[in-house]
>>> print(open('target32.pdb').read())   # PDB, C-alpha atoms
ATOM      1  CA  MET A1239      71.514  15.367  55.951
ATOM      2  CA  ARG A1240      71.911  12.545  58.487
ATOM      3  CA  LEU A1241      75.651  12.309  57.814
ATOM      4  CA  GLN A1242      77.691   9.750  59.720
ATOM      5  CA  TYR A1243      80.957  10.489  61.548
ATOM      6  CA  PRO A1244      83.277   8.081  63.406
ATOM      7  CA  SER A1245      81.605   6.772  66.552
ATOM      8  CA  ASN A1246      84.807   6.940  68.618
ATOM      9  CA  ILE A1247      84.440  10.717  68.987
ATOM     10  CA  ASN A1248      83.062  12.041  72.231
ATOM     11  CA  ILE A1249      81.571  15.502  71.745
ATOM     12  CA  ILE A1250      81.831  18.025  74.569
ATOM     13  CA  LYS A1251      79.528  20.965  73.929
ATOM     14  CA  LEU A1252      80.581  24.468  74.888
ATOM     15  CA  PRO A1253      78.884  27.831  74.428
ATOM     16  CA  CYS A1254      81.980  29.101  72.588
ATOM     17  CA  THR A1255      85.450  27.678  71.898
ATOM     18  CA  GLY A1256      86.762  30.687  73.859
ATOM     19  CA  LYS A1257      85.640  28.776  76.955
ATOM     20  CA  ILE A1258      88.388  26.211  76.389
ATOM     21  CA  ASP A1259      91.459  26.646  78.479
ATOM     22  CA  LEU A1260      94.857  25.068  77.962
ATOM     23  CA  ILE A1261      94.412  22.951  81.080
ATOM     24  CA  HIS A1262      91.197  21.398  79.679
ATOM     25  CA  LEU A1263      93.127  20.177  76.649
ATOM     26  CA  LEU A1264      96.018  18.825  78.730
ATOM     27  CA  ARG A1265      93.723  17.095  81.247
ATOM     28  CA  SER A1266      92.009  15.249  78.377
ATOM     29  CA  PHE A1267      95.348  13.657  77.521
ATOM     30  CA  GLU A1268      96.137  13.027  81.165
ATOM     31  CA  LYS A1269      92.860  11.130  81.374
ATOM     32  CA  GLY A1270      93.801   9.041  78.361
ATOM     33  CA  ALA A1271      92.280  10.704  75.285
ATOM     34  CA  ASP A1272      94.132   9.683  72.126
ATOM     35  CA  GLY A1273      93.422  12.985  70.429
ATOM     36  CA  VAL A1274      91.445  16.166  70.940
ATOM     37  CA  TYR A1275      90.199  18.546  68.319
ATOM     38  CA  VAL A1276      88.413  21.813  68.803
ATOM     39  CA  VAL A1277      85.735  22.809  66.325
ATOM     40  CA  GLY A1278      85.070  26.522  66.363
ATOM     41  CA  CYS A1279      83.284  29.039  64.203
ATOM     42  CA  LEU A1280      85.051  30.494  61.181
ATOM     43  CA  GLU A1281      87.639  33.107  62.096
ATOM     44  CA  GLY A1282      86.043  36.532  61.929
ATOM     45  CA  ALA A1283      82.608  35.071  62.648
ATOM     46  CA  CYS A1284      82.795  34.657  66.431
ATOM     47  CA  GLN A1285      79.675  35.982  68.167
ATOM     48  CA  PHE A1286      81.886  36.923  71.080
ATOM     49  CA  THR A1287      84.418  38.615  68.736
ATOM     50  CA  SER A1288      87.519  36.552  69.486
ATOM     51  CA  GLY A1289      86.579  33.289  71.227
ATOM     52  CA  ASN A1290      87.788  31.123  68.346
ATOM     53  CA  ILE A1291      91.030  33.106  67.995
ATOM     54  CA  ARG A1292      91.757  32.561  71.687
ATOM     55  CA  ALA A1293      90.939  28.877  71.312
ATOM     56  CA  ARG A1294      93.387  28.595  68.419
ATOM     57  CA  LYS A1295      96.138  30.139  70.545
ATOM     58  CA  ARG A1296      95.421  27.682  73.352
ATOM     59  CA  VAL A1297      95.423  24.769  70.937
ATOM     60  CA  GLU A1298      98.830  25.945  69.689
ATOM     61  CA  GLN A1299     100.088  26.152  73.283
ATOM     62  CA  ALA A1300      98.849  22.602  73.915
ATOM     63  CA  GLN A1301     100.546  21.391  70.720
ATOM     64  CA  GLU A1302     103.854  22.857  71.852
ATOM     65  CA  ILE A1303     103.651  21.306  75.316
ATOM     66  CA  LEU A1304     102.522  17.889  74.064
ATOM     67  CA  GLU A1305     105.336  17.845  71.522
ATOM     68  CA  LYS A1306     107.923  18.723  74.166
ATOM     69  CA  ILE A1307     106.774  16.104  76.650
ATOM     70  CA  GLY A1308     106.759  13.353  74.042
ATOM     71  CA  ILE A1309     103.010  12.835  73.637
ATOM     72  CA  GLY A1310     102.870  14.378  70.159
ATOM     73  CA  GLY A1311     101.678  17.869  69.250
ATOM     74  CA  GLU A1312      99.584  16.594  66.348
ATOM     75  CA  ARG A1313      97.212  14.894  68.748
ATOM     76  CA  VAL A1314      95.473  18.221  69.281
ATOM     77  CA  ARG A1315      94.094  20.362  66.457
ATOM     78  CA  MET A1316      91.694  23.177  65.714
ATOM     79  CA  PHE A1317      89.121  23.206  62.925
ATOM     80  CA  ASN A1318      87.010  26.182  61.911
ATOM     81  CA  LEU A1319      83.647  25.815  60.221
ATOM     82  CA  SER A1320      80.206  27.318  60.338
ATOM     83  CA  SER A1321      77.216  25.554  61.889
ATOM     84  CA  SER A1322      75.741  24.908  58.455
ATOM     85  CA  GLU A1323      78.792  22.985  57.223
ATOM     86  CA  ALA A1324      77.918  19.450  58.293
ATOM     87  CA  PRO A1325      80.011  17.819  55.541
ATOM     88  CA  HIS A1326      83.068  19.739  56.794
ATOM     89  CA  PHE A1327      82.320  18.615  60.342
ATOM     90  CA  VAL A1328      82.323  14.998  59.170
ATOM     91  CA  GLN A1329      85.471  15.617  57.118
ATOM     92  CA  ALA A1330      87.266  16.974  60.217
ATOM     93  CA  ALA A1331      86.101  14.009  62.307
ATOM     94  CA  VAL A1332      87.322  11.500  59.735
ATOM     95  CA  GLU A1333      90.632  13.316  59.169
ATOM     96  CA  MET A1334      91.336  13.574  62.886
ATOM     97  CA  THR A1335      90.402   9.936  63.535
ATOM     98  CA  GLU A1336      92.661   8.734  60.730
ATOM     99  CA  ASN A1337      95.570  10.887  61.899
ATOM    100  CA  ILE A1338      95.262   9.653  65.461
ATOM    101  CA  ARG A1339      94.936   6.026  64.320
ATOM    102  CA  ASP A1340      98.205   6.481  62.416
ATOM    103  CA  MET A1341      99.866   7.917  65.518
ATOM    104  CA  GLY A1342      98.642   5.084  67.729
ATOM    105  CA  PRO A1343      97.205   5.277  71.242
ATOM    106  CA  ASN A1344      98.052   8.023  73.728
ATOM    107  CA  PRO A1345     101.305   6.863  75.409
ATOM    108  CA  ILE A1346      99.940   8.092  78.752
ATOM    109  CA  LYS A1347      97.072   5.618  78.518
ATOM    110  CA  THR A1348      99.532   2.808  77.825
ATOM    111  CA  ALA A1349     101.772   3.934  80.698
ATOM    112  CA  MET A1350      98.780   4.102  83.063
ATOM    113  CA  GLN A1351      97.727   0.589  82.113
ATOM    114  CA  LYS A1352     101.283  -0.667  82.721
ATOM    115  CA  ALA A1353     101.464   1.056  86.107
ATOM    116  CA  ALA A1354      98.082  -0.343  87.217
TER     117      ALA A1354
ATOM    118  CA  MET B 651     104.488  44.857  88.223
ATOM    119  CA  ILE B 652     107.351  42.415  88.025
ATOM    120  CA  VAL B 653     107.264  40.771  84.614
ATOM    121  CA  ALA B 654     108.357  37.169  84.210
ATOM    122  CA  ASP B 655     108.403  34.730  81.337
ATOM    123  CA  LYS B 656     107.797  30.999  81.429
ATOM    124  CA  LYS B 657     110.831  28.761  81.593
ATOM    125  CA  PRO B 658     111.022  26.095  78.881
ATOM    126  CA  ILE B 659     109.475  22.877  80.185
ATOM    127  CA  GLU B 660     112.622  20.905  79.302
ATOM    128  CA  GLU B 661     114.594  23.067  81.720
ATOM    129  CA  ILE B 662     112.105  22.410  84.528
ATOM    130  CA  ILE B 663     112.068  18.675  83.770
ATOM    131  CA  ASP B 664     115.871  18.615  84.140
ATOM    132  CA  MET B 665     115.636  20.399  87.500
ATOM    133  CA  VAL B 666     113.113  18.056  89.078
ATOM    134  CA  LYS B 667     114.306  14.730  87.657
ATOM    135  CA  GLY B 668     114.916  12.316  90.487
ATOM    136  CA  TYR B 669     112.448  13.807  92.977
ATOM    137  CA  ARG B 670     109.399  11.795  93.962
ATOM    138  CA  LYS B 671     107.057  14.352  95.513
ATOM    139  CA  ILE B 672     107.050  17.880  94.166
ATOM    140  CA  LEU B 673     105.127  21.011  95.052
ATOM    141  CA  ILE B 674     104.337  23.427  92.230
ATOM    142  CA  LEU B 675     103.907  26.748  93.985
ATOM    143  CA  GLY B 676     102.263  29.675  92.207
ATOM    144  CA  CYS B 677     101.921  33.311  93.164
ATOM    145  CA  ASN B 678      98.716  35.312  92.879
ATOM    146  CA  GLU B 679     100.344  38.657  92.179
ATOM    147  CA  CYS B 680     102.502  39.970  89.311
ATOM    148  CA  VAL B 681     103.237  36.597  87.703
ATOM    149  CA  THR B 682      99.507  35.869  87.554
ATOM    150  CA  VAL B 683      98.916  39.108  85.661
ATOM    151  CA  CYS B 684     101.705  38.389  83.188
ATOM    152  CA  GLU B 685     100.421  34.811  82.802
ATOM    153  CA  ALA B 686     103.661  33.140  83.828
ATOM    154  CA  GLY B 687     103.132  31.809  87.350
ATOM    155  CA  GLY B 688      99.525  32.045  88.535
ATOM    156  CA  LYS B 689      97.044  29.320  89.394
ATOM    157  CA  LYS B 690      96.418  28.453  85.739
ATOM    158  CA  GLU B 691     100.105  28.154  84.927
ATOM    159  CA  VAL B 692     100.619  26.000  88.028
ATOM    160  CA  ALA B 693      97.926  23.596  86.809
ATOM    161  CA  VAL B 694      99.379  23.484  83.295
ATOM    162  CA  LEU B 695     102.939  22.861  84.493
ATOM    163  CA  ALA B 696     101.832  20.164  86.948
ATOM    164  CA  SER B 697      99.787  18.424  84.268
ATOM    165  CA  ALA B 698     102.647  18.564  81.743
ATOM    166  CA  LEU B 699     105.170  17.225  84.279
ATOM    167  CA  ARG B 700     102.825  14.454  85.401
ATOM    168  CA  MET B 701     102.364  13.345  81.796
ATOM    169  CA  TYR B 702     106.070  13.548  81.003
ATOM    170  CA  PHE B 703     107.116  11.413  83.962
ATOM    171  CA  MET B 704     104.222   8.989  83.513
ATOM    172  CA  ASN B 705     105.338   8.528  79.909
ATOM    173  CA  GLU B 706     108.901   7.921  81.143
ATOM    174  CA  GLY B 707     107.593   5.291  83.520
ATOM    175  CA  THR B 708     108.475   7.287  86.638
ATOM    176  CA  LYS B 709     105.893   7.715  89.354
ATOM    177  CA  ILE B 710     105.880  11.258  90.644
ATOM    178  CA  GLU B 711     103.404  12.920  92.957
ATOM    179  CA  MET B 712     102.670  16.529  92.334
ATOM    180  CA  ASP B 713     100.744  19.033  94.455
ATOM    181  CA  GLU B 714      99.558  22.437  93.282
ATOM    182  CA  ILE B 715      99.280  25.441  95.583
ATOM    183  CA  THR B 716      99.031  29.123  94.696
ATOM    184  CA  LEU B 717      99.790  31.587  97.453
ATOM    185  CA  GLU B 718      98.558  35.159  97.616
ATOM    186  CA  ARG B 719     102.192  36.277  97.483
ATOM    187  CA  GLN B 720     105.594  34.667  97.908
ATOM    188  CA  CYS B 721     107.352  37.842  99.020
ATOM    189  CA  ASP B 722     105.731  38.091 102.468
ATOM    190  CA  HIS B 723     106.283  35.952 105.555
ATOM    191  CA  GLU B 724     102.606  35.463 106.388
ATOM    192  CA  TYR B 725     101.729  33.848 103.071
ATOM    193  CA  LEU B 726     104.798  31.616 102.996
ATOM    194  CA  GLU B 727     103.922  30.454 106.514
ATOM    195  CA  GLU B 728     100.695  28.962 105.146
ATOM    196  CA  ILE B 729     102.635  25.999 103.717
ATOM    197  CA  ARG B 730     104.976  25.422 106.684
ATOM    198  CA  ASN B 731     103.105  22.385 107.996
ATOM    199  CA  SER B 732     103.071  20.648 104.633
ATOM    200  CA  MET B 733     106.628  21.436 103.483
ATOM    201  CA  ASP B 734     108.097  18.293 105.068
ATOM    202  CA  GLN B 735     106.257  16.026 102.662
ATOM    203  CA  TYR B 736     107.877  17.479  99.533
ATOM    204  CA  ASP B 737     111.244  16.483  98.088
ATOM    205  CA  ALA B 738     111.385  19.689  96.040
ATOM    206  CA  VAL B 739     109.430  22.837  95.235
ATOM    207  CA  VAL B 740     109.125  24.538  91.858
ATOM    208  CA  SER B 741     108.194  28.138  92.546
ATOM    209  CA  LEU B 742     106.493  30.024  89.747
ATOM    210  CA  ALA B 743     106.922  33.320  91.589
ATOM    211  CA  CYS B 744     109.445  35.930  90.460
ATOM    212  CA  GLY B 745     113.049  35.633  91.629
ATOM    213  CA  VAL B 746     112.063  37.473  94.793
ATOM    214  CA  GLY B 747     109.553  34.787  95.765
ATOM    215  CA  VAL B 748     111.905  31.938  94.892
ATOM    216  CA  GLN B 749     114.619  33.425  97.094
ATOM    217  CA  PHE B 750     112.294  34.169  99.982
ATOM    218  CA  MET B 751     111.080  30.585  99.839
ATOM    219  CA  ALA B 752     114.690  29.357  99.807
ATOM    220  CA  GLU B 753     115.575  31.550 102.796
ATOM    221  CA  LYS B 754     112.520  30.483 104.748
ATOM    222  CA  TYR B 755     112.668  26.763 103.980
ATOM    223  CA  PHE B 756     116.427  26.395 104.119
ATOM    224  CA  GLY B 757     116.519  22.604 103.976
ATOM    225  CA  SER B 758     114.205  22.211 100.971
ATOM    226  CA  PRO B 759     115.338  22.386  97.348
ATOM    227  CA  ILE B 760     113.498  25.304  95.677
ATOM    228  CA  TYR B 761     113.656  25.658  91.895
ATOM    229  CA  PRO B 762     112.600  28.604  89.722
ATOM    230  CA  GLY B 763     109.806  27.925  87.258
ATOM    231  CA  VAL B 764     109.966  31.287  85.496
ATOM    232  CA  ASN B 765     112.576  33.706  84.196
ATOM    233  CA  THR B 766     112.130  37.039  85.966
ATOM    234  CA  CYS B 767     112.601  39.836  83.448
ATOM    235  CA  PHE B 768     111.855  43.388  84.617
ATOM    236  CA  MET B 769     109.449  45.860  86.204
ATOM    237  CA  GLY B 770     107.041  46.864  83.508
ATOM    238  CA  VAL B 771     103.568  47.307  82.080
ATOM    239  CA  THR B 772     101.097  45.304  80.021
ATOM    240  CA  GLU B 773     101.032  47.107  76.673
ATOM    241  CA  GLU B 774      98.458  44.641  75.422
ATOM    242  CA  ARG B 775      97.693  41.021  76.265
ATOM    243  CA  GLY B 776     100.894  39.098  75.592
ATOM    244  CA  VAL B 777     103.090  42.191  75.313
ATOM    245  CA  TRP B 778     104.921  43.535  78.343
ATOM    246  CA  SER B 779     107.616  46.182  78.363
ATOM    247  CA  GLU B 780     110.035  47.664  80.838
ATOM    248  CA  ARG B 781     109.314  50.925  82.632
ATOM    249  CA  CYS B 782     111.436  51.016  85.793
ATOM    250  CA  GLN B 783     114.884  49.822  86.841
ATOM    251  CA  GLY B 784     114.488  50.706  90.496
ATOM    252  CA  CYS B 785     117.447  53.095  90.456
ATOM    253  CA  GLY B 786     116.494  54.352  93.908
ATOM    254  CA  GLN B 787     116.419  58.022  92.944
ATOM    255  CA  CYS B 788     113.425  58.852  90.784
ATOM    256  CA  ILE B 789     113.886  61.630  88.231
ATOM    257  CA  LEU B 790     110.502  61.346  86.528
ATOM    258  CA  ASP B 791     109.563  64.832  87.761
ATOM    259  CA  ARG B 792     112.238  66.269  85.459
ATOM    260  CA  THR B 793     111.608  64.022  82.479
ATOM    261  CA  ALA B 794     107.869  64.521  82.003
ATOM    262  CA  GLY B 795     107.062  61.154  83.556
ATOM    263  CA  ILE B 796     109.113  59.152  81.042
ATOM    264  CA  CYS B 797     112.131  57.318  82.427
ATOM    265  CA  PRO B 798     115.401  57.626  80.505
ATOM    266  CA  ILE B 799     117.073  55.144  82.866
ATOM    267  CA  SER B 800     114.822  52.261  81.909
ATOM    268  CA  ARG B 801     113.778  53.298  78.417
ATOM    269  CA  CYS B 802     116.946  54.797  76.917
ATOM    270  CA  ALA B 803     119.434  52.093  75.905
ATOM    271  CA  LYS B 804     122.308  54.314  77.054
ATOM    272  CA  ARG B 805     120.495  55.626  80.137
ATOM    273  CA  LEU B 806     121.309  59.207  79.088
ATOM    274  CA  LEU B 807     120.196  62.032  81.327
ATOM    275  CA  ASN B 808     120.553  65.054  79.044
ATOM    276  CA  GLY B 809     118.788  64.506  75.768
ATOM    277  CA  PRO B 810     119.073  61.935  73.011
ATOM    278  CA  CYS B 811     122.293  60.568  71.566
ATOM    279  CA  GLY B 812     123.244  60.845  67.908
ATOM    280  CA  GLY B 813     121.661  57.484  67.193
ATOM    281  CA  SER B 814     118.101  58.745  67.577
ATOM    282  CA  THR B 815     116.448  58.823  64.121
ATOM    283  CA  LYS B 816     112.857  59.764  63.376
ATOM    284  CA  GLY B 817     111.906  59.087  66.972
ATOM    285  CA  LYS B 818     113.430  55.608  67.015
ATOM    286  CA  CYS B 819     116.430  54.249  68.897
ATOM    287  CA  GLU B 820     119.483  53.071  66.976
ATOM    288  CA  ILE B 821     119.399  49.645  68.635
ATOM    289  CA  SER B 822     116.038  48.777  67.044
ATOM    290  CA  LYS B 823     113.610  50.363  64.614
ATOM    291  CA  ASP B 824     110.812  49.040  66.826
ATOM    292  CA  LEU B 825     112.070  50.858  69.898
ATOM    293  CA  ASP B 826     110.963  54.439  70.560
ATOM    294  CA  CYS B 827     113.689  56.872  71.538
ATOM    295  CA  ALA B 828     112.917  57.656  75.181
ATOM    296  CA  TRP B 829     114.247  61.179  74.813
ATOM    297  CA  GLN B 830     112.024  61.813  71.804
ATOM    298  CA  ILE B 831     109.017  60.870  73.954
ATOM    299  CA  ILE B 832     110.306  63.061  76.800
ATOM    300  CA  ILE B 833     110.678  66.057  74.487
ATOM    301  CA  ASP B 834     107.248  65.439  72.922
ATOM    302  CA  ARG B 835     105.704  65.266  76.400
ATOM    303  CA  LEU B 836     107.506  68.390  77.611
ATOM    304  CA  LYS B 837     106.186  70.206  74.537
ATOM    305  CA  GLU B 838     102.677  68.956  75.242
ATOM    306  CA  LEU B 839     102.945  70.137  78.841
ATOM    307  CA  ASP B 840     104.391  73.495  77.748
ATOM    308  CA  ARG B 841     107.486  72.776  79.816
ATOM    309  CA  LEU B 842     110.118  72.643  77.099
ATOM    310  CA  ASP B 843     112.296  75.052  79.105
ATOM    311  CA  ASP B 844     112.919  72.150  81.530
ATOM    312  CA  TYR B 845     114.811  70.419  78.727
ATOM    313  CA  GLU B 846     117.412  73.204  78.774
ATOM    314  CA  GLU B 847     118.323  72.479  82.382
ATOM    315  CA  ILE B 848     121.403  70.296  82.630
ATOM    316  CA  ALA B 849     120.831  67.259  84.812
ATOM    317  CA  PRO B 850     123.701  66.759  87.264
ATOM    318  CA  ILE B 851     125.711  63.541  87.358
ATOM    319  CA  LYS B 852     123.460  60.896  88.856
ATOM    320  CA  ASP B 853     124.400  59.231  92.107
ATOM    321  CA  TRP B 854     124.404  55.595  91.027
ATOM    322  CA  SER B 855     125.147  54.310  94.517
ATOM    323  CA  THR B 856     121.388  53.921  95.091
ATOM    324  CA  GLU B 857     121.189  51.733  92.019
ATOM    325  CA  ARG B 858     122.410  48.126  91.829
ATOM    326  CA  ALA B 859     125.970  49.421  91.429
ATOM    327  CA  GLY B 860     125.987  50.158  95.157
ATOM    328  CA  GLY B 861     125.423  46.487  96.006
ATOM    329  CA  PRO B 862     122.246  44.798  97.297
ATOM    330  CA  ARG B 863     119.846  47.415  98.572
ATOM    331  CA  LYS B 864     117.543  47.706 101.522
ATOM    332  CA  VAL B 865     114.825  50.133 102.559
ATOM    333  CA  VAL B 866     114.391  50.585 106.307
ATOM    334  CA  ARG B 867     111.518  52.733 107.496
ATOM    335  CA  GLU B 868     111.671  53.327 111.222
ATOM    336  CA  ASP B 869     108.294  55.122 111.095
ATOM    337  CA  VAL B 870     106.506  51.889 110.239
ATOM    338  CA  ARG B 871     108.941  49.301 111.583
ATOM    339  CA  GLN B 872     107.781  47.139 114.483
TER     340      GLN B 872
END
>>> encode(input="target32.pdb", output="structure tokens")
Amino acid sequence: MRLQYPSNINIIKLPCTGKIDLIHLLRSFEKGADGVYVVGCLEGACQFTSGNIRARKRVEQAQEILEKIGIGGERVRMFNLSSSEAPHFVQAAVEMTENIRDMGPNPIKTAMQKAA
Amino acid sequence: MIVADKKPIEEIIDMVKGYRKILILGCNECVTVCEAGGKKEVAVLASALRMYFMNEGTKIEMDEITLERQCDHEYLEEIRNSMDQYDAVVSLACGVGVQFMAEKYFGSPIYPGVNTCFMGVTEERGVWSERCQGCGQCILDRTAGICPISRCAKRLLNGPCGGSTKGKCEISKDLDCAWQIIIDRLKELDRLDDYEEIAPIKDWSTERAGGPRKVVREDVRQ
């Protein structure tokens, strides 16, 4: 299909979204990421039975923490799609990029630049 | 195990505001199993605090250490040489660990990072429930291995109260009546005659009512 998605997205490949831990999501923001989204298989279709369900829970935990510490819970999200749904992948990338653009840069990044 | 729950991050932020170098101290035992104060939770709390204070424009240094236990001298001794460098410690151990830290490092502010709840079991991941109140005089031999002290809301010793309906306790439809379970178990074990025996008045002096407790075993004491 050769579909295009925003070039600002850095893809980190994992064998399963169940590999993601809460600390991985938080560290991304600590290192200055403006937003993080997790793309997992459709719920009920995980090869490892519940990897994507666990990922969703961890994303929700990250949202709660980021909201409470003033970074913004909406900077982290979970999307579910199958590997054959390229248009949905692009749609998620565009939606996430637009949302994050509206929210502005990660305040941690700005604070780090000020402190430096 | 001792079951604890995470403290809200806002509460921890309030505790440590104003300190410049903080140690987040985890415990590898019970609180690791109930996902409240192990190595992972230490990393998450430290990361969240670092981001919060960075966002506030406050520079704070944070170290992360997880000890094997915080309720034994030998493990707490492992951090003795580095304690001087910290302005405060947030301990993610149960209340026992927090207190032992406070007793051992008398001059250092020690703050609790979790709410210690009870002694209980993991029913399933994310669900823990109480099983023991440490009353100091176990009666499980008479109650088919089910504890009416910890599992009956009224801590009754001789059968259910009038509030038991269809096997559920009157305080919540989601709570099993402990005495219903005891009777079901006694039936299963063919020991229902035990139910007819009247339990004497319990000596509560071994429970918390008798003040702070202590176990001294001369046979193992050094």
>>> residues_around(input="target32.pdb", residues="Gln1285 in chain A", least_positions_apart="6", cutoff="12 Å", atoms="only C-alpha atoms", output="ChimeraX atom specification")
/A:1253-1256,1278-1279,1291,1320
>>> closest_residue(input="target32.pdb", among="B:Ile652, B:Leu699, B:Ile729, B:Val683", to="chain A", atoms="all atoms listed in the file")
B:Leu699
>>> resolve_selection(input="target32.pdb", expression="the PyMOL selection byres ((chain A) within 9 of (chain B))", output="PDB file with C-alpha atoms, keeping the file's coordinate frame")
ATOM      1  CA  ASP A1259      91.459  26.646  78.479  1.00  0.00           C
ATOM      2  CA  LEU A1260      94.857  25.068  77.962  1.00  0.00           C
ATOM      3  CA  ILE A1261      94.412  22.951  81.080  1.00  0.00           C
ATOM      4  CA  LEU A1264      96.018  18.825  78.730  1.00  0.00           C
ATOM      5  CA  ARG A1265      93.723  17.095  81.247  1.00  0.00           C
ATOM      6  CA  PHE A1267      95.348  13.657  77.521  1.00  0.00           C
ATOM      7  CA  GLU A1268      96.137  13.027  81.165  1.00  0.00           C
ATOM      8  CA  ILE A1303     103.651  21.306  75.316  1.00  0.00           C
ATOM      9  CA  LEU A1304     102.522  17.889  74.064  1.00  0.00           C
ATOM     10  CA  LYS A1306     107.923  18.723  74.166  1.00  0.00           C
ATOM     11  CA  ILE A1307     106.774  16.104  76.650  1.00  0.00           C
ATOM     12  CA  GLY A1308     106.759  13.353  74.042  1.00  0.00           C
ATOM     13  CA  ILE A1309     103.010  12.835  73.637  1.00  0.00           C
ATOM     14  CA  PRO A1345     101.305   6.863  75.409  1.00  0.00           C
ATOM     15  CA  ILE A1346      99.940   8.092  78.752  1.00  0.00           C
ATOM     16  CA  LYS A1347      97.072   5.618  78.518  1.00  0.00           C
ATOM     17  CA  THR A1348      99.532   2.808  77.825  1.00  0.00           C
ATOM     18  CA  ALA A1349     101.772   3.934  80.698  1.00  0.00           C
ATOM     19  CA  MET A1350      98.780   4.102  83.063  1.00  0.00           C
ATOM     20  CA  LYS A1352     101.283  -0.667  82.721  1.00  0.00           C
ATOM     21  CA  ALA A1353     101.464   1.056  86.107  1.00  0.00           C
TER      22      ALA A1353
END
>>> atom_distance(input="target32.pdb", atom1="CA of Ile799 in chain B", atom2="CA of Val681 in chain B")
23.6 Å
>>> closest_residue(input="target32.pdb", among="B:Ala859, B:Val777, B:Leu717, B:Ile831", to="Lys816 in chain B", atoms="only C-alpha atoms")
B:Ile831
